[in-house]
Amino acid sequence: MTRSALRHPLLDACGVEHGFGLRGVSPSPRILRPRQVHGAAVTTPEACTGQDPAEADAVVSRAAGVAIGVATADCVPILLATARGDAVAAVHAGWRGLARGVVASGVEALRRLADPHEPLVAVLGPHIGPCCYEVDRPVLDALEARFPQALPGALRPAGRPGHALLDLALLARAELAAAGIAPAALGAVRDACTCCDAGRFHSFRRDGARAGRLLHFITARSLGAGPAGSQA
Ligand SMILES: [Zn+2]
């Protein structure tokens, strides 16, 4: 059986090539990726072309036909596009990146690159679920500072004192909503806990240092090619 990367209808509607990676599935295009450092910096595909790619955890692009992306193994990958698909972004959001504001930084950079009036679409890919993601006090403290409103709702009790089960995606959604992504334009790949599903996903929490990485990509399209040219 051949498997292919996971697509999402919200991004299909933007007309962009994209895919969330699965274990054992190598996306066909060459993907320009940054050197991920769990920070909030945003870079461009041009800065990711050589042997020494930029340190960043988000990439924004309006280079038609050029695949940009991020790699994850439990963190939340987020792919974004303008409604007409002429500008795109890929974001790597783990707890450190979320605490440092990488999601807001990625959205802001995409807005600067695109027509500012163009609505944006965002889709969350496979990531570790609250079923499996127990974190401790230092993580909670770091997130509390950035998500004072959303954090309590993202936590469930864990077996050990000082620990909690964390829903990373809920925090990512809160930040996307605060950055102006409309509820109907915010999607997610369903039933995709990287730690629960060893058949489909790599997971650092499950496999430790030997864990592989899932590769996710998105490609801006040329507006010259289709009927989707906008009046905006
Ligand atoms: Zn799980």
# chains A, B, ... in the order shown; residues from 1 in each chain; ligands from 1

$ select_by_dssp --residues "region 84-193 of chain A" --states "strand (DSSP E or B)" --output "PyMOL selection string"
chain A and resi 88-93+120-124+127+134-135+155-157+164-166+186-188+193

$ residues_around --residues "Gly101 (chain A)" --least-positions-apart "4" --cutoff "12 Å" --atoms "only C-alpha atoms" --output "PyMOL selection string"
chain A and resi 38-42+57-58+91-97+105-108+142-143+145-147+171-172+174-176+178-179

$ write_last_selection --atoms "C-alpha atoms" --output "PDB file, in the first residue's frame"
ATOM      1  CA  HIS A  38      12.863  26.090  19.261  1.00  0.00           C
ATOM      2  CA  GLY A  39      12.868  29.870  18.930  1.00  0.00           C
ATOM      3  CA  ALA A  40      10.555  32.441  17.367  1.00  0.00           C
ATOM      4  CA  ALA A  41      12.619  33.622  14.392  1.00  0.00           C
ATOM      5  CA  VAL A  42      11.106  33.582  10.913  1.00  0.00           C
ATOM      6  CA  ASP A  57      11.357  27.917  13.410  1.00  0.00           C
ATOM      7  CA  ALA A  58       9.126  29.441  10.781  1.00  0.00           C
ATOM      8  CA  VAL A  91       5.812  26.874  11.546  1.00  0.00           C
ATOM      9  CA  HIS A  92       7.386  24.477  14.067  1.00  0.00           C
ATOM     10  CA  ALA A  93       5.724  24.973  17.449  1.00  0.00           C
ATOM     11  CA  GLY A  94       6.794  23.019  20.495  1.00  0.00           C
ATOM     12  CA  TRP A  95       6.393  24.291  24.018  1.00  0.00           C
ATOM     13  CA  ARG A  96       9.522  26.427  23.811  1.00  0.00           C
ATOM     14  CA  GLY A  97       8.536  27.989  20.511  1.00  0.00           C
ATOM     15  CA  SER A 105       5.730  35.743  14.650  1.00  0.00           C
ATOM     16  CA  GLY A 106       4.932  33.427  11.763  1.00  0.00           C
ATOM     17  CA  VAL A 107       1.483  34.914  11.191  1.00  0.00           C
ATOM     18  CA  GLU A 108       2.817  38.470  11.355  1.00  0.00           C
ATOM     19  CA  ALA A 142       7.230  29.262  30.750  1.00  0.00           C
ATOM     20  CA  LEU A 143       3.841  28.821  29.105  1.00  0.00           C
ATOM     21  CA  ALA A 145       3.796  33.792  31.056  1.00  0.00           C
ATOM     22  CA  ARG A 146       2.594  33.827  27.437  1.00  0.00           C
ATOM     23  CA  PHE A 147      -0.779  32.091  27.807  1.00  0.00           C
ATOM     24  CA  LEU A 171      -2.293  26.849  22.874  1.00  0.00           C
ATOM     25  CA  ALA A 172      -1.356  27.040  19.199  1.00  0.00           C
ATOM     26  CA  ALA A 174      -5.365  30.269  20.942  1.00  0.00           C
ATOM     27  CA  GLU A 175      -2.407  32.117  19.473  1.00  0.00           C
ATOM     28  CA  LEU A 176      -3.671  31.734  15.901  1.00  0.00           C
ATOM     29  CA  ALA A 178      -5.493  35.987  18.741  1.00  0.00           C
ATOM     30  CA  ALA A 179      -3.501  36.692  15.571  1.00  0.00           C
TER      31      ALA A 179
END

$ atom_distance --atom1 "CA of Gly15 (chain A)" --atom2 "CA of Asp86 (chain A)"
8.9 Å

$ closest_residue --among "A:Leu22, A:Leu10, A:Leu155, A:Val59" --to "Ala90 (chain A)" --atoms "only C-alpha atoms"
A:Val59

$ residues_near_ligand --ligand "ligand 1" --cutoff "8 Å" --atoms "only C-alpha atoms and all ligand atoms" --output "list in words"
Ile128, Gly129, Pro130, Cys131, Cys132, Tyr133, Cys193, Thr194, Cys195, Cys196 and Asp197 of chain A

$ select_by_dssp --residues "region 42-163 of chain A" --states "helix (DSSP H, G or I)" --output "number ranges by chain"
A: 45-48, 95-100, 102-113, 137-146, 151-154

$ closest_residue --among "A:Ala220, A:Ala177, A:Leu110, A:Leu124" --to "Thr72 (chain A)" --atoms "only C-alpha atoms"
A:Leu124

$ atom_distance --atom1 "CA of Pro27 (chain A)" --atom2 "CA of Gln51 (chain A)"
20.1 Å

$ closest_residue --among "A:Gly224, A:Gly159, A:Gly153, A:Pro126" --to "Phe20 (chain A)" --atoms "only C-alpha atoms"
A:Pro126

$ closest_residue --among "A:Gly199, A:Asp74, A:Val88, A:Ala109" --to "Asp167 (chain A)" --atoms "only C-alpha atoms"
A:Asp74

$ residues_around --residues "Leu32 (chain A)" --least-positions-apart "6" --cutoff "8 Å" --atoms "only C-alpha atoms" --output "MDAnalysis selection string"
chainID A and resid 45 48:49 66:69

$ atom_distance --atom1 "CA of Asp12 (chain A)" --atom2 "CA of Ile181 (chain A)"
17.1 Å

$ closest_residue --among "A:Arg30, A:His117, A:His8, A:Arg205" --to "Gly65 (chain A)" --atoms "only C-alpha atoms"
A:Arg30

$ decode --residues "region 11-27 of chain A" --atoms "all heavy atoms" --output "short mmCIF file (atom, residue, chain, number, x, y, z; two decimals), in the first residue's frame"
data_model
loop_
_atom_site.label_atom_id
_atom_site.label_comp_id
_atom_site.auth_asym_id
_atom_site.auth_seq_id
_atom_site.Cartn_x
_atom_site.Cartn_y
_atom_site.Cartn_z
N LEU A 11 -6.52 23.82 3.04
CA LEU A 11 -5.36 24.22 2.22
C LEU A 11 -5.59 23.86 0.76
O LEU A 11 -5.14 24.57 -0.14
CB LEU A 11 -4.09 23.58 2.77
CG LEU A 11 -3.64 24.11 4.14
CD1 LEU A 11 -2.52 23.26 4.73
CD2 LEU A 11 -3.21 25.57 4.04
N ASP A 12 -6.27 22.75 0.52
CA ASP A 12 -6.64 22.42 -0.86
C ASP A 12 -7.43 23.57 -1.48
O ASP A 12 -7.26 23.92 -2.65
CB ASP A 12 -7.49 21.15 -0.91
CG ASP A 12 -6.65 19.88 -0.76
OD1 ASP A 12 -5.44 19.92 -1.08
OD2 ASP A 12 -7.20 18.86 -0.32
N ALA A 13 -8.32 24.17 -0.67
CA ALA A 13 -9.17 25.25 -1.19
C ALA A 13 -8.36 26.49 -1.56
O ALA A 13 -8.82 27.32 -2.34
CB ALA A 13 -10.24 25.61 -0.15
N CYS A 14 -7.17 26.61 -0.98
CA CYS A 14 -6.29 27.74 -1.33
C CYS A 14 -5.49 27.44 -2.59
O CYS A 14 -4.77 28.31 -3.09
CB CYS A 14 -5.31 28.02 -0.19
SG CYS A 14 -6.07 28.42 1.38
N GLY A 15 -5.57 26.21 -3.06
CA GLY A 15 -4.87 25.85 -4.29
C GLY A 15 -3.38 25.58 -4.10
O GLY A 15 -2.63 25.59 -5.09
N VAL A 16 -2.96 25.33 -2.87
CA VAL A 16 -1.53 25.14 -2.63
C VAL A 16 -1.18 23.66 -2.48
O VAL A 16 -1.91 22.89 -1.85
CB VAL A 16 -1.06 25.89 -1.36
CG1 VAL A 16 -1.15 27.39 -1.59
CG2 VAL A 16 -1.86 25.49 -0.13
N GLU A 17 -0.05 23.28 -3.07
CA GLU A 17 0.51 21.96 -2.80
C GLU A 17 1.00 21.95 -1.36
O GLU A 17 1.63 22.91 -0.90
CB GLU A 17 1.69 21.68 -3.74
CG GLU A 17 1.28 21.34 -5.15
CD GLU A 17 0.38 20.10 -5.17
OE1 GLU A 17 0.69 19.12 -4.45
OE2 GLU A 17 -0.62 20.12 -5.88
N HIS A 18 0.70 20.86 -0.65
CA HIS A 18 1.14 20.80 0.74
C HIS A 18 1.05 19.35 1.22
O HIS A 18 0.42 18.51 0.56
CB HIS A 18 0.24 21.68 1.63
CG HIS A 18 -1.16 21.14 1.75
ND1 HIS A 18 -2.11 21.34 0.76
CD2 HIS A 18 -1.77 20.38 2.70
CE1 HIS A 18 -3.24 20.74 1.13
NE2 HIS A 18 -3.06 20.15 2.30
N GLY A 19 1.64 19.07 2.35
CA GLY A 19 1.49 17.75 2.93
C GLY A 19 2.11 17.70 4.32
O GLY A 19 3.16 18.31 4.55
N PHE A 20 1.42 17.01 5.22
CA PHE A 20 1.99 16.69 6.52
C PHE A 20 2.57 15.28 6.41
O PHE A 20 1.89 14.36 5.96
CB PHE A 20 0.93 16.74 7.61
CG PHE A 20 0.41 18.12 7.90
CD1 PHE A 20 -0.81 18.52 7.42
CD2 PHE A 20 1.16 19.02 8.64
CE1 PHE A 20 -1.30 19.79 7.68
CE2 PHE A 20 0.69 20.29 8.91
CZ PHE A 20 -0.55 20.67 8.44
N GLY A 21 3.82 15.15 6.83
CA GLY A 21 4.53 13.90 6.61
C GLY A 21 4.06 12.76 7.50
O GLY A 21 3.51 12.96 8.58
N LEU A 22 4.27 11.57 6.99
CA LEU A 22 4.02 10.35 7.73
C LEU A 22 5.34 9.59 7.85
O LEU A 22 6.26 9.82 7.08
CB LEU A 22 3.01 9.46 7.00
CG LEU A 22 1.58 9.98 6.91
CD1 LEU A 22 0.78 9.14 5.93
CD2 LEU A 22 0.93 9.94 8.29
N ARG A 23 5.37 8.66 8.78
CA ARG A 23 6.54 7.80 8.93
C ARG A 23 6.74 7.02 7.63
O ARG A 23 5.81 6.41 7.12
CB ARG A 23 6.26 6.85 10.08
CG ARG A 23 7.42 6.01 10.47
CD ARG A 23 7.10 5.26 11.76
NE ARG A 23 8.33 4.72 12.29
CZ ARG A 23 8.54 4.40 13.55
NH1 ARG A 23 7.57 4.56 14.43
NH2 ARG A 23 9.69 3.92 13.93
N GLY A 24 7.94 7.08 7.11
CA GLY A 24 8.24 6.32 5.91
C GLY A 24 7.79 6.96 4.62
O GLY A 24 7.94 6.38 3.55
N VAL A 25 7.23 8.16 4.70
CA VAL A 25 6.80 8.85 3.49
C VAL A 25 7.70 10.06 3.27
O VAL A 25 7.74 10.98 4.08
CB VAL A 25 5.34 9.33 3.61
CG1 VAL A 25 4.96 10.18 2.42
CG2 VAL A 25 4.41 8.14 3.73
N SER A 26 8.44 10.04 2.19
CA SER A 26 9.27 11.18 1.84
C SER A 26 8.52 12.02 0.81
O SER A 26 8.24 11.53 -0.27
CB SER A 26 10.60 10.73 1.24
OG SER A 26 11.31 10.00 2.21
N PRO A 27 8.22 13.26 1.16
CA PRO A 27 7.52 14.11 0.19
C PRO A 27 8.35 14.25 -1.08
O PRO A 27 9.57 14.25 -1.03
CB PRO A 27 7.40 15.45 0.92
CG PRO A 27 7.62 15.14 2.37
CD PRO A 27 8.52 13.96 2.40
#
